[in-house]
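For reference, model_17.cif (mmCIF, C-alpha atoms):
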data_coords
#
loop_
_atom_site.label_atom_id
_atom_site.label_comp_id
_atom_site.auth_asym_id
_atom_site.auth_seq_id
_atom_site.Cartn_x
_atom_site.Cartn_y
_atom_site.Cartn_z
CA MET G 4 16.59 82.95 -36.57
CA PHE G 5 18.58 80.70 -38.96
CA GLU G 6 15.47 79.02 -40.36
CA GLN G 7 14.75 82.16 -42.41
CA ILE G 8 17.91 81.71 -44.50
CA PRO G 9 17.47 79.33 -47.46
CA SER G 10 19.40 76.10 -46.73
CA GLN G 11 21.20 76.12 -50.08
CA TRP G 12 22.76 79.49 -49.16
CA ILE G 13 23.94 78.09 -45.85
CA VAL G 14 25.45 75.05 -47.61
CA ILE G 15 27.19 77.27 -50.18
CA GLY G 16 28.42 79.71 -47.53
CA SER G 17 29.71 77.00 -45.23
CA THR G 18 31.41 75.24 -48.16
CA ILE G 19 33.20 78.46 -49.11
CA MET G 20 34.23 78.92 -45.47
CA ALA G 21 35.55 75.34 -45.34
CA VAL G 22 37.74 75.97 -48.40
CA VAL G 23 38.98 79.28 -46.94
CA MET G 24 39.75 77.65 -43.58
CA GLY G 25 41.51 74.71 -45.27
CA THR G 26 43.67 77.13 -47.28
CA LEU G 27 44.40 79.09 -44.10
CA VAL G 28 45.44 75.91 -42.26
CA MET G 29 47.84 74.96 -45.08
CA THR G 30 49.34 78.46 -45.11
CA VAL G 31 49.74 78.60 -41.32
CA ARG G 32 51.26 75.09 -41.30
CA ALA G 33 53.81 76.06 -43.98
CA LYS G 34 54.80 79.21 -42.06
CA SER G 35 54.95 77.43 -38.70
CA ALA G 36 57.48 74.93 -40.03
CA LYS G 37 59.95 77.83 -40.43
CA LYS G 38 59.78 78.78 -36.73
CA PRO G 39 60.51 76.68 -33.65
CA ALA G 40 57.52 74.86 -32.19
CA SER G 41 56.33 75.45 -28.63
CA VAL G 42 53.78 74.04 -26.22
CA LYS G 43 51.74 77.20 -26.66
CA LYS G 44 51.62 76.81 -30.46
CA ILE G 45 50.46 73.22 -30.07
CA ILE G 46 47.78 73.84 -27.43
CA LEU G 47 46.21 77.10 -28.62
CA PRO G 48 44.46 75.93 -31.85
CA PRO G 49 42.12 73.46 -30.08
CA LEU G 50 41.48 76.02 -27.34
CA PHE G 51 40.52 78.65 -29.91
CA MET G 52 38.40 76.14 -31.78
CA SER G 53 36.60 75.14 -28.60
CA THR G 54 34.78 78.48 -28.62
CA GLY G 55 32.79 77.08 -31.54
CA ALA G 56 30.94 74.89 -29.04
CA PHE G 57 28.85 77.97 -28.27
CA MET G 58 26.96 77.17 -31.48
CA PHE G 59 25.14 74.45 -29.52
CA VAL G 60 23.46 77.14 -27.41
CA PHE G 61 21.12 77.48 -30.40
CA GLU G 62 18.64 74.65 -30.94
CA TYR G 63 19.28 74.92 -34.70
CA PHE G 64 22.79 73.42 -34.33
CA ARG G 65 22.10 70.69 -31.76
CA VAL G 66 22.97 67.12 -32.71
CA PRO G 67 21.30 63.88 -31.50
CA PRO G 68 23.47 61.60 -29.30
CA LEU G 69 24.04 58.91 -31.95
CA GLN G 70 25.23 61.49 -34.48
CA ILE G 71 27.52 62.98 -31.81
CA LEU G 72 29.19 59.57 -31.44
CA GLU G 73 29.39 59.11 -35.21
CA SER G 74 30.93 62.56 -35.74
CA ILE G 75 33.51 62.18 -33.00
CA GLY G 76 34.30 58.64 -34.17
CA VAL G 77 35.00 59.82 -37.72
CA GLY G 78 37.08 62.69 -36.30
CA LEU G 79 39.14 60.23 -34.27
CA LEU G 80 39.65 58.10 -37.37
CA PHE G 81 40.78 61.11 -39.42
CA SER G 82 43.06 62.27 -36.59
CA THR G 83 45.18 59.14 -37.01
CA VAL G 84 46.15 60.32 -40.48
CA LEU G 85 47.17 63.74 -39.14
CA ILE G 86 49.10 62.16 -36.27
CA TRP G 87 50.90 59.93 -38.75
CA THR G 88 52.06 62.93 -40.84
CA SER G 89 53.13 65.21 -37.97
CA ARG G 90 56.72 64.80 -36.88
CA PHE G 91 59.21 67.04 -35.13
CA GLU G 92 62.90 67.49 -35.76
CA VAL G 93 65.70 69.22 -33.87
CA LYS G 94 67.63 72.00 -35.60
CA ASN G 95 70.28 73.99 -33.75
CA GLY G 96 68.86 72.91 -30.41
CA ASP G 97 65.29 74.01 -31.28
CA ILE G 98 62.33 71.78 -32.08
CA TYR G 99 60.62 72.33 -35.43
CA LEU G 100 57.56 70.76 -36.97
CA LYS G 101 58.88 68.76 -39.90
CA GLN G 102 57.39 69.60 -43.28
CA SER G 103 55.47 66.68 -44.74
CA LYS G 104 54.63 66.65 -48.42
CA ALA G 105 51.82 64.22 -47.63
CA PHE G 106 50.19 66.64 -45.16
CA VAL G 107 48.96 69.04 -47.86
CA PHE G 108 47.47 66.21 -49.91
CA ILE G 109 45.90 64.63 -46.83
CA LEU G 110 44.39 67.97 -45.79
CA ILE G 111 43.01 68.51 -49.30
CA GLY G 112 41.64 64.94 -49.24
CA LEU G 113 39.98 65.46 -45.85
CA LEU G 114 38.52 68.75 -47.09
CA GLY G 115 37.21 66.98 -50.19
CA VAL G 116 35.62 64.19 -48.14
CA ARG G 117 34.04 66.82 -45.89
CA LEU G 118 32.63 68.80 -48.83
CA ILE G 119 31.25 65.71 -50.57
CA GLY G 120 29.78 64.51 -47.26
CA LYS G 121 28.17 67.89 -46.69
CA ILE G 122 26.63 67.94 -50.18
CA ILE G 123 25.27 64.39 -49.83
CA LEU G 124 24.09 64.71 -46.22
CA SER G 125 22.54 68.17 -46.61
CA SER G 126 19.63 66.61 -48.50
CA THR G 127 18.69 64.40 -45.51
CA ILE G 128 19.97 66.26 -42.43
CA ASP G 129 19.11 69.83 -41.42
CA VAL G 130 21.92 72.23 -42.32
CA GLY G 131 22.29 73.48 -38.74
CA GLU G 132 22.50 69.95 -37.36
CA LEU G 133 24.99 69.08 -40.12
CA SER G 134 27.10 72.10 -39.14
CA GLY G 135 27.15 70.85 -35.56
CA MET G 136 28.16 67.38 -36.73
CA PHE G 137 31.04 68.72 -38.82
CA TRP G 138 32.23 70.91 -35.95
CA LEU G 139 32.24 67.83 -33.70
CA LEU G 140 34.10 65.87 -36.38
CA ALA G 141 36.74 68.61 -36.70
CA PHE G 142 37.10 69.00 -32.94
CA GLY G 143 37.27 65.22 -32.54
CA MET G 144 40.09 65.29 -35.08
CA ILE G 145 42.14 68.24 -33.83
CA VAL G 146 42.17 67.39 -30.10
CA PRO G 147 43.77 63.89 -30.38
CA TRP G 148 46.13 65.17 -33.08
CA ARG G 149 47.33 68.04 -30.89
CA ILE G 150 47.61 65.80 -27.82
CA ALA G 151 49.80 63.40 -29.85
CA MET G 152 51.88 66.37 -31.05
CA LEU G 153 52.26 67.64 -27.48
CA LEU G 154 53.40 64.22 -26.22
CA GLN G 155 55.87 63.90 -29.08
CA TYR G 156 57.15 67.46 -28.49
CA LYS G 157 57.59 66.89 -24.74
CA LYS G 158 59.44 63.61 -25.35
CA LEU G 159 61.82 65.32 -27.78
CA GLU G 160 62.25 68.28 -25.43
CA LYS G 161 63.16 65.90 -22.59
CA THR G 162 65.70 64.15 -24.83
CA ILE G 163 67.32 67.49 -25.69
CA GLN G 164 67.45 68.50 -22.01
CA ASN G 165 68.98 65.15 -21.04
CA LYS G 166 71.68 65.55 -23.70
CA SER G 167 72.50 69.09 -22.58
CA THR G 168 72.77 68.14 -18.88
CA GLN G 169 74.98 65.11 -19.48
CA LYS G 170 78.61 65.85 -18.77
CA PRO G 171 81.13 64.69 -21.29
CA THR G 172 83.17 61.79 -20.04
CA LEU G 173 86.91 61.69 -20.42
CA SER G 174 88.18 58.50 -21.90
CA SER G 175 91.77 57.44 -21.43
#
How does the structure come out when it is put into structure tokens?
Amino acid sequence: MFEQIPSQWIVIGSTIMAVVMGTLVMTVRAKSAKKPASVKKIILPPLFMSTGAFMFVFEYFRVPPLQILESIGVGLLFSTVLIWTSRFEVKNGDIYLKQSKAFVFILIGLLGVRLIGKIILSSTIDVGELSGMFWLLAFGMIVPWRIAMLLQYKKLEKTIQNKSTQKPTLSS
């Protein structure tokens, strides 16, 4: 099915999609910083992204075991940068994702590394297999990042609840 499409068109199309998705992520992140965070907003992106695993139903996108480990390993490495730039703050009793100036540059850098990697690797690895590898890399990056965000959010939420349940003490 996919073998009939020239590989250069798939590389070009997937590169354009990567740029569009990167721009969308930056836009959504900027808007989300203006509204209080929630568990649902933290958990849903990886759940939605997980539907992409259906690509592996097709032989064209399947990845050998060693490349699965490599892709997930690189994703875990990249996730540390995202974890490092994601912080929450409390405003008026609500928890907000703190805007990080570094996040935009890091996201652009990660997108650049991905695009350069795709261009270089597309000459030696089938485009479908490469697509599967980059999906694994992205999923391996977003899941740990969102887990770290969830843990940080829950810790902050617990701190807020503890402060609101503490009764003021009268000092003489």
Can you list what the PyMOL selection byres ((chain G and resi 146-162) around 8) grabs from this structure, as a PDB file with C-alpha atoms, in the coordinates of the input?
ATOM      1  CA  VAL G  42      53.780  74.040 -26.220  1.00  0.00           C
ATOM      2  CA  ILE G  45      50.460  73.220 -30.070  1.00  0.00           C
ATOM      3  CA  ILE G  46      47.780  73.840 -27.430  1.00  0.00           C
ATOM      4  CA  PRO G  49      42.120  73.460 -30.080  1.00  0.00           C
ATOM      5  CA  LEU G  79      39.140  60.230 -34.270  1.00  0.00           C
ATOM      6  CA  SER G  82      43.060  62.270 -36.590  1.00  0.00           C
ATOM      7  CA  THR G  83      45.180  59.140 -37.010  1.00  0.00           C
ATOM      8  CA  LEU G  85      47.170  63.740 -39.140  1.00  0.00           C
ATOM      9  CA  ILE G  86      49.100  62.160 -36.270  1.00  0.00           C
ATOM     10  CA  SER G  89      53.130  65.210 -37.970  1.00  0.00           C
ATOM     11  CA  ARG G  90      56.720  64.800 -36.880  1.00  0.00           C
ATOM     12  CA  PHE G  91      59.210  67.040 -35.130  1.00  0.00           C
ATOM     13  CA  ILE G  98      62.330  71.780 -32.080  1.00  0.00           C
ATOM     14  CA  PHE G 142      37.100  69.000 -32.940  1.00  0.00           C
ATOM     15  CA  GLY G 143      37.270  65.220 -32.540  1.00  0.00           C
ATOM     16  CA  MET G 144      40.090  65.290 -35.080  1.00  0.00           C
ATOM     17  CA  ILE G 145      42.140  68.240 -33.830  1.00  0.00           C
ATOM     18  CA  ILE G 163      67.320  67.490 -25.690  1.00  0.00           C
ATOM     19  CA  GLN G 164      67.450  68.500 -22.010  1.00  0.00           C
ATOM     20  CA  ASN G 165      68.980  65.150 -21.040  1.00  0.00           C
ATOM     21  CA  LYS G 166      71.680  65.550 -23.700  1.00  0.00           C
TER      22      LYS G 166
END
List the spatial neighbours of G:Asp129 as a PDB file with C-alpha atoms, in the coordinates of the input - criterion: any atom at most 9 Å away, only C-alpha atoms, same-chain residues fewer than 3 positions off excluded.
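Result file around28.pdb:
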ATOM      1  CA  SER G  10      19.400  76.100 -46.730  1.00  0.00           C
ATOM      2  CA  TYR G  63      19.280  74.920 -34.700  1.00  0.00           C
ATOM      3  CA  PHE G  64      22.790  73.420 -34.330  1.00  0.00           C
ATOM      4  CA  LEU G 124      24.090  64.710 -46.220  1.00  0.00           C
ATOM      5  CA  SER G 125      22.540  68.170 -46.610  1.00  0.00           C
ATOM      6  CA  SER G 126      19.630  66.610 -48.500  1.00  0.00           C
ATOM      7  CA  GLU G 132      22.500  69.950 -37.360  1.00  0.00           C
ATOM      8  CA  LEU G 133      24.990  69.080 -40.120  1.00  0.00           C
ATOM      9  CA  SER G 134      27.100  72.100 -39.140  1.00  0.00           C
TER      10      SER G 134
END
By how many Å are atom CA of G:Ser35 and atom CA of G:Val93 apart?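 So the two atoms, atom CA of G:Ser35 and atom CA of G:Val93, lie 14.4 Å apart.
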Two-atom distance - atom CA of G:Gly135, atom CA of G:Leu80 (Å): 17.9 Å
Show me as a PyMOL selection string the residues that reach within 9 Å of (43.7, 73.3, -51.0), counting all atoms listed in the file and using the file's own coordinates. chain G and resi 22-23+25-26+29+107-108+110-112+114
Starting from 4 Å padding per side, set up an axis-aligned box that covers all listed atoms of stretch 95-111 of chain G and hand over centre and edge lengths in Å, one decimal, as lines of an AutoDock Vina configuration file.
center_x = 56.6
center_y = 69.1
center_z = -40.2
size_x = 35.3
size_y = 17.8
size_z = 27.5
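The spacing separating atom CA of G:Met58 from atom CA of G:Lys44 amounts to 24.7 Å.
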Determine, counting all atoms listed in the file, every residue of protein, DNA or RNA that lies within 8 Å of (60.6, 68.9, -41.6) in the file coordinates, then give the result as a short mmCIF file (atom, residue, chain, number, x, y, z; two decimals) with C-alpha atoms, in the frame of the given file.
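Contents of the output file result.cif:
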data_model
loop_
_atom_site.label_atom_id
_atom_site.label_comp_id
_atom_site.auth_asym_id
_atom_site.auth_seq_id
_atom_site.Cartn_x
_atom_site.Cartn_y
_atom_site.Cartn_z
CA ALA G 36 57.48 74.93 -40.03
CA ARG G 90 56.72 64.80 -36.88
CA PHE G 91 59.21 67.04 -35.13
CA GLU G 92 62.90 67.49 -35.76
CA TYR G 99 60.62 72.33 -35.43
CA LEU G 100 57.56 70.76 -36.97
CA LYS G 101 58.88 68.76 -39.90
CA GLN G 102 57.39 69.60 -43.28
CA SER G 103 55.47 66.68 -44.74
#
Nearest to G:Gly120 by atom-to-atom distance, counting all atoms listed in the file, from G:Val31, G:Ala105, G:Leu69, G:Met136: G:Met136
Pick the closest to G:Ile109 from G:Phe81, G:Val130, G:Ile122, G:Thr168: which is it, counting all atoms listed in the file? G:Phe81
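You can rank G:Ser74, G:Gly131, G:Leu118, G:Lys38 by their closest distance to G:Phe61 using all atoms listed in the file, and at the top of that list sits G:Gly131.
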For the structure provided, state which residues fall under the PyMOL selection byres ((chain G and resi 52) around 10), and present them as a ChimeraX atom specification. /G:47-51,53-56,138,141-142,145-146
Those same residues, written as a PDB file, keeping the file's coordinate frame with C-alpha atoms?
ATOM      1  CA  LEU G  47      46.210  77.100 -28.620  1.00  0.00           C
ATOM      2  CA  PRO G  48      44.460  75.930 -31.850  1.00  0.00           C
ATOM      3  CA  PRO G  49      42.120  73.460 -30.080  1.00  0.00           C
ATOM      4  CA  LEU G  50      41.480  76.020 -27.340  1.00  0.00           C
ATOM      5  CA  PHE G  51      40.520  78.650 -29.910  1.00  0.00           C
ATOM      6  CA  SER G  53      36.600  75.140 -28.600  1.00  0.00           C
ATOM      7  CA  THR G  54      34.780  78.480 -28.620  1.00  0.00           C
ATOM      8  CA  GLY G  55      32.790  77.080 -31.540  1.00  0.00           C
ATOM      9  CA  ALA G  56      30.940  74.890 -29.040  1.00  0.00           C
ATOM     10  CA  TRP G 138      32.230  70.910 -35.950  1.00  0.00           C
ATOM     11  CA  ALA G 141      36.740  68.610 -36.700  1.00  0.00           C
ATOM     12  CA  PHE G 142      37.100  69.000 -32.940  1.00  0.00           C
ATOM     13  CA  ILE G 145      42.140  68.240 -33.830  1.00  0.00           C
ATOM     14  CA  VAL G 146      42.170  67.390 -30.100  1.00  0.00           C
TER      15      VAL G 146
END
